[in-house]
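See structure below.
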Amino acid sequence: MASEWRKLPLSLAELCLDTTLRCGQSFRWRKINNEWHCVLSNRLITLTQSPTHLSYKSTLPAINPPPHETTLPLLQSYLSLGVPLTQLYTQWSTTDPNFARRCSSFTGIRILNQDAWETLISFICSSNNNISRISSMVNNLCLHYGPYITTISGEPFHDFPSPEALSGPEVESHLRSLGFGYRAKYIADTAQIISQQRPEGWLDQIRNPAVPPADNPKFQPGEKPTYRKAHEALLELTGVGPKVSDCVCLMGLGWWESVPIDTHVWQIAQRDYNFGGKSKSKTFTKGMYESVGDHFRNIWGEYAGWAQSVLFTANLKSFAEQAKTGKKGKKEEEEDKENADVVVKKEKVVKQEVARVVKNEELTVSSTRKRKAVEEEGSQQRDEDVKMEDVMDGLTLNSQVSQVSTTSTTTRRVSKRIKARGSQ
């Protein structure tokens, strides 16, 4: 049973669905007929977006359906809509020139407040993997172990399986048959640890108290949880290293200062922030990992993970075209065109002026030495033609306007050389 479409006022600067849902945070959103679909908290959420509004509806399962009226608060929490994103972009752009250069093509990227268990298993699947394959693995987990909710355009949608569902004795071998490889053991072992060796609600006990779970706003946090404590606690689980732990902290536990460091972020740190100096090492050590995270936290503050996600997305090959063709405002486009026109006009004027000076100076050669001058000019002029060609080649459409202004100095030097020839 589906609800009616409802609208929520929301600009693309505050949320861009097409970027946020494809940038490697969540792996279960599927786009069908220009609508985004995903099962959250035992219901199918369907989203579309216009420049001014987010439209949503929910489809409930036939068995134990949740109330439709709980969909809006669930969605608001899941999308972290309480965070003023445009203000953060302005803040980061002010303090970080690199962020300012790259963010215009990637506005509206929000960190999703996802279920911690789903985030944990999803990022265990991410080890040495790409977004497309991770999505396929996560979909297989839901298809084989998650409760069925509904079907859209012939595609079945299931909720994410519980720890108990993934802790059975045959889970590992079955996941291996589905292509999970060594990750199958990590998933099965972690599911057993969470369901059998940790107290109920353990993941909620280590989450940020200021960011409740999307489906449980009245949760009871643990005793004085911190980001560092949560990070270390997750490292005790099978298949969880520092990067996976930080991904879960950031996207599943509400620790927004968490900065996951993978090869993309390490590349950004070296290339754009000169981290590590000239060594350009590709090897991670624990000390280097922590240093990079602390470096970015010092730049971006308590929402460092949010800023990192923008630069991470800009560095993905799948978004290369978006980064290359960043949208500019109408005023910026007009200014670019005007600047290009100025360069072309100045280039033409400079070329004409140089040609005129050369011609005039040639006419000043003394008539009494005309024959000798002409003979010398034959060889010298070829050299001068090469030099003049170099001057012209230096004036391209891609040059800055300031480069053009230096050509007047070159013209004066050419004139002096020609005068010197004439006086010989």
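Just remember, in the structure tokens the first chain shown is A, the second B, etc., residues are 1-based per chain, and ligands are 1-based in the order shown.
Once A:Ile194 and its same-chain neighbours fewer than 5 positions away are set aside, Pro163, Pro199 and Trp202 of chain A remain within 8 Å of it when counting only C-alpha atoms.
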Near A:Ala165, counting only C-alpha atoms, which residues have an atom at most 10 Å away, once you skip same-chain residues fewer than 4 positions from it, shown as a PDB file with C-alpha atoms, in the first residue's frame?
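Result file is result.pdb:
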```pdb
ATOM      1  CA  LEU A 141      22.472  -9.858   1.073  1.00  0.00           C
ATOM      2  CA  HIS A 144      18.735 -13.767   0.153  1.00  0.00           C
ATOM      3  CA  TYR A 145      18.469 -12.824   3.833  1.00  0.00           C
ATOM      4  CA  GLY A 146      16.319  -9.690   4.188  1.00  0.00           C
ATOM      5  CA  PRO A 147      12.519  -9.505   4.572  1.00  0.00           C
ATOM      6  CA  PHE A 160      18.500  -5.173   5.139  1.00  0.00           C
ATOM      7  CA  PRO A 161      18.993  -8.473   7.006  1.00  0.00           C
ATOM      8  CA  VAL A 171      26.035 -18.170   5.727  1.00  0.00           C
ATOM      9  CA  ALA A 188      29.485 -14.155   9.103  1.00  0.00           C
ATOM     10  CA  ALA A 191      27.232 -11.077  12.560  1.00  0.00           C
ATOM     11  CA  GLN A 192      27.903 -13.733  15.203  1.00  0.00           C
ATOM     12  CA  SER A 195      24.220 -11.078  17.764  1.00  0.00           C
TER      13      SER A 195
END
```
*Write out as a PyMOL selection string which residues come within 12 Å of A:Ser58 when counting only C-alpha atoms, dropping same-chain ones fewer than 3 positions away.*
chain A and resi 1-6+36-47+55+61+65-72+74-75+149-150
_A:Ser153 environment, 12 Å, only C-alpha atoms, sequence neighbours closer than 5 positions dropped, as a PyMOL selection string_ = chain A and resi 30-33+35+37
Please save all heavy atoms of the selected residues as a compact mmCIF listing (two decimals), in the first residue's frame.
```
# COMPACT_ATOMS: atom_id res chain seq x y z
N ARG A 30 18.18 2.51 -5.67
CA ARG A 30 18.10 2.17 -7.09
C ARG A 30 17.22 3.19 -7.80
O ARG A 30 16.15 3.56 -7.31
CB ARG A 30 17.52 0.77 -7.26
CG ARG A 30 18.51 -0.35 -7.00
CD ARG A 30 17.88 -1.71 -7.23
NE ARG A 30 17.25 -2.24 -6.03
CZ ARG A 30 16.52 -3.34 -5.99
NH1 ARG A 30 16.28 -4.02 -7.10
NH2 ARG A 30 16.00 -3.77 -4.85
N LYS A 31 17.68 3.62 -8.96
CA LYS A 31 16.92 4.60 -9.74
C LYS A 31 16.16 3.89 -10.85
O LYS A 31 16.75 3.27 -11.74
CB LYS A 31 17.85 5.65 -10.34
CG LYS A 31 17.13 6.91 -10.80
CD LYS A 31 18.12 8.00 -11.21
CE LYS A 31 17.38 9.31 -11.48
NZ LYS A 31 18.33 10.39 -11.87
N ILE A 32 14.83 3.97 -10.79
CA ILE A 32 13.94 3.34 -11.76
C ILE A 32 12.96 4.40 -12.26
O ILE A 32 12.24 5.02 -11.47
CB ILE A 32 13.16 2.16 -11.13
CG1 ILE A 32 14.13 1.13 -10.56
CG2 ILE A 32 12.24 1.52 -12.17
CD1 ILE A 32 13.45 0.03 -9.77
N ASN A 33 12.95 4.62 -13.58
CA ASN A 33 12.05 5.62 -14.16
C ASN A 33 12.19 6.98 -13.49
O ASN A 33 11.20 7.64 -13.14
CB ASN A 33 10.60 5.14 -14.09
CG ASN A 33 10.37 3.85 -14.85
OD1 ASN A 33 10.99 3.61 -15.88
ND2 ASN A 33 9.49 2.99 -14.33
N GLU A 35 13.03 7.77 -10.60
CA GLU A 35 12.67 7.81 -9.18
C GLU A 35 13.65 6.94 -8.40
O GLU A 35 14.00 5.85 -8.82
CB GLU A 35 11.24 7.29 -8.97
CG GLU A 35 10.16 8.14 -9.64
CD GLU A 35 8.78 7.52 -9.51
OE1 GLU A 35 8.67 6.36 -9.06
OE2 GLU A 35 7.80 8.20 -9.88
N HIS A 37 14.61 4.61 -5.22
CA HIS A 37 13.90 3.70 -4.33
C HIS A 37 14.88 3.02 -3.37
O HIS A 37 15.97 2.61 -3.75
CB HIS A 37 13.18 2.60 -5.13
CG HIS A 37 12.24 3.11 -6.18
ND1 HIS A 37 10.93 3.42 -5.92
CD2 HIS A 37 12.44 3.36 -7.50
CE1 HIS A 37 10.34 3.83 -7.04
NE2 HIS A 37 11.24 3.80 -8.01
```
*Could you give me, as a list in words, the residues within 6 Å of stretch 12-25 of chain A, counting only C-alpha atoms and dropping anything in the same chain fewer than 2 positions from it?*
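Surrounding residues, per the criterion: Pro51, Leu85, Thr107, Gly108, Ile109, Ile131 and Thr313 of chain A.
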*Hey, which of A:Ile206, A:Val211, A:Ile124, A:Cys142 ends up closest to A:Arg183? Count only C-alpha atoms.*
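Result for the nearest residue to A:Arg183: A:Ile124.
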*Would you please give, as a list of chain:residue names, all residues of stretch 7-153 of chain A that DSSP assigns to strand (DSSP E) based on the backbone?*
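Reading the DSSP output for stretch 7-153 of chain A, strand (DSSP E) covers A:Lys7, A:Leu8, A:Pro9, A:Arg30, A:Lys31, A:Ile32, A:Glu35, A:Trp36, A:His37, A:Cys38, A:Val39, A:Leu44, A:Ile45, A:Thr46, A:Leu47, A:Thr48, A:Gln49, A:His53, A:Leu54, A:Ser55, A:Tyr56, A:Lys57, A:Ser58, A:Thr59, A:Tyr148, A:Ile149, A:Thr150, A:Thr151, A:Ile152.
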Could you write out the selected residues, including C-alpha atoms, as a short mmCIF file (atom, residue, chain, number, x, y, z; two decimals), in the first residue's frame?
```cif
data_model
loop_
_atom_site.label_atom_id
_atom_site.label_comp_id
_atom_site.auth_asym_id
_atom_site.auth_seq_id
_atom_site.Cartn_x
_atom_site.Cartn_y
_atom_site.Cartn_z
CA LYS A 7 6.53 17.59 -0.99
CA LEU A 8 9.26 19.00 1.22
CA PRO A 9 10.75 22.44 0.38
CA ARG A 30 18.10 2.17 -7.09
CA LYS A 31 16.92 4.60 -9.74
CA ILE A 32 13.94 3.34 -11.76
CA GLU A 35 12.67 7.81 -9.18
CA TRP A 36 14.99 6.74 -6.39
CA HIS A 37 13.90 3.70 -4.33
CA CYS A 38 15.24 2.14 -1.13
CA VAL A 39 13.82 0.18 1.78
CA LEU A 44 9.97 1.37 0.59
CA ILE A 45 10.88 5.05 0.27
CA THR A 46 10.54 6.64 -3.17
CA LEU A 47 12.11 10.03 -3.89
CA THR A 48 12.20 12.54 -6.74
CA GLN A 49 13.60 16.04 -6.79
CA HIS A 53 11.34 20.53 -3.59
CA LEU A 54 11.99 16.97 -2.52
CA SER A 55 8.99 14.72 -3.25
CA TYR A 56 8.54 11.46 -1.37
CA LYS A 57 6.14 8.61 -0.80
CA SER A 58 6.25 5.33 1.08
CA THR A 59 5.06 1.83 0.21
CA TYR A 148 10.57 -8.85 1.37
CA ILE A 149 8.74 -5.50 1.20
CA THR A 150 7.40 -4.93 -2.33
CA THR A 151 8.16 -5.05 -6.06
CA ILE A 152 8.67 -2.04 -8.35
#
```
Could you name the residues that touch stretch 232-248 of chain A at 7 Å or less, counting only C-alpha atoms, but leaving out those on the same chain fewer than 4 positions away, as an mmCIF file with N, CA, C and O atoms, in the first residue's frame?
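Output file around-v1.cif is given in full below:
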```cif
data_model
loop_
_atom_site.group_PDB
_atom_site.id
_atom_site.type_symbol
_atom_site.label_atom_id
_atom_site.label_comp_id
_atom_site.auth_asym_id
_atom_site.auth_seq_id
_atom_site.Cartn_x
_atom_site.Cartn_y
_atom_site.Cartn_z
ATOM 1 N N ALA A 116 23.369 1.724 11.669
ATOM 2 C CA ALA A 116 24.763 1.382 11.961
ATOM 3 C C ALA A 116 25.116 -0.037 11.511
ATOM 4 O O ALA A 116 26.212 -0.277 10.980
ATOM 5 N N THR A 119 25.470 -0.140 7.758
ATOM 6 C CA THR A 119 26.692 0.551 7.358
ATOM 7 C C THR A 119 27.918 -0.303 7.629
ATOM 8 O O THR A 119 28.840 -0.383 6.804
ATOM 9 N N LEU A 120 27.933 -0.977 8.765
ATOM 10 C CA LEU A 120 29.050 -1.848 9.128
ATOM 11 C C LEU A 120 29.253 -2.948 8.089
ATOM 12 O O LEU A 120 30.368 -3.147 7.570
ATOM 13 N N PHE A 123 30.312 -1.669 4.498
ATOM 14 C CA PHE A 123 31.704 -1.248 4.323
ATOM 15 C C PHE A 123 32.691 -2.388 4.560
ATOM 16 O O PHE A 123 33.839 -2.297 4.121
ATOM 17 N N ILE A 124 32.269 -3.456 5.207
ATOM 18 C CA ILE A 124 33.085 -4.670 5.179
ATOM 19 C C ILE A 124 33.128 -5.195 3.736
ATOM 20 O O ILE A 124 34.167 -5.649 3.263
ATOM 21 N N TYR A 186 34.270 -12.552 7.003
ATOM 22 C CA TYR A 186 34.178 -11.337 7.808
ATOM 23 C C TYR A 186 32.729 -11.036 8.186
ATOM 24 O O TYR A 186 32.418 -10.692 9.333
ATOM 25 N N ASP A 189 31.346 -13.821 10.652
ATOM 26 C CA ASP A 189 31.945 -13.701 11.987
ATOM 27 C C ASP A 189 31.446 -12.456 12.715
ATOM 28 O O ASP A 189 31.134 -12.513 13.913
ATOM 29 N N THR A 190 31.375 -11.335 11.991
ATOM 30 C CA THR A 190 30.903 -10.094 12.621
ATOM 31 C C THR A 190 29.444 -10.213 13.032
ATOM 32 O O THR A 190 29.045 -9.718 14.101
ATOM 33 N N ARG A 228 36.583 8.627 19.417
ATOM 34 C CA ARG A 228 37.753 7.753 19.553
ATOM 35 C C ARG A 228 37.371 6.396 20.140
ATOM 36 O O ARG A 228 37.857 5.347 19.706
ATOM 37 N N GLY A 252 27.169 5.837 10.041
ATOM 38 C CA GLY A 252 26.256 4.987 10.782
ATOM 39 C C GLY A 252 26.119 5.320 12.246
ATOM 40 O O GLY A 252 25.162 4.881 12.889
ATOM 41 N N LEU A 253 27.072 6.116 12.779
ATOM 42 C CA LEU A 253 27.046 6.418 14.213
ATOM 43 C C LEU A 253 27.019 7.912 14.515
ATOM 44 O O LEU A 253 27.045 8.302 15.680
ATOM 45 N N SER A 258 34.635 12.254 11.910
ATOM 46 C CA SER A 258 35.372 11.113 11.392
ATOM 47 C C SER A 258 35.727 11.328 9.919
ATOM 48 O O SER A 258 34.881 11.727 9.119
ATOM 49 N N VAL A 259 36.971 11.063 9.576
ATOM 50 C CA VAL A 259 37.447 11.232 8.197
ATOM 51 C C VAL A 259 38.020 9.897 7.701
ATOM 52 O O VAL A 259 39.169 9.559 8.006
ATOM 53 N N PRO A 260 37.245 9.114 6.966
ATOM 54 C CA PRO A 260 37.771 7.856 6.426
ATOM 55 C C PRO A 260 38.891 8.135 5.418
ATOM 56 O O PRO A 260 38.729 8.964 4.515
ATOM 57 N N ILE A 261 40.011 7.454 5.580
ATOM 58 C CA ILE A 261 41.159 7.662 4.695
ATOM 59 C C ILE A 261 41.357 6.412 3.843
ATOM 60 O O ILE A 261 41.740 5.357 4.344
ATOM 61 N N ASP A 262 41.077 6.528 2.560
ATOM 62 C CA ASP A 262 41.380 5.448 1.621
ATOM 63 C C ASP A 262 42.349 5.993 0.585
ATOM 64 O O ASP A 262 42.922 7.073 0.747
#
```
_d(atom CA of A:Glu155, atom CA of A:Ile187) in Å_ =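 Pair atom CA of A:Glu155 / atom CA of A:Ile187 returns 25.1 Å.
With distances restricted to only C-alpha atoms, A:Phe27 is the closest residue to A:Asn140 from A:Phe27, A:Tyr89, A:Phe219, A:Ser167.
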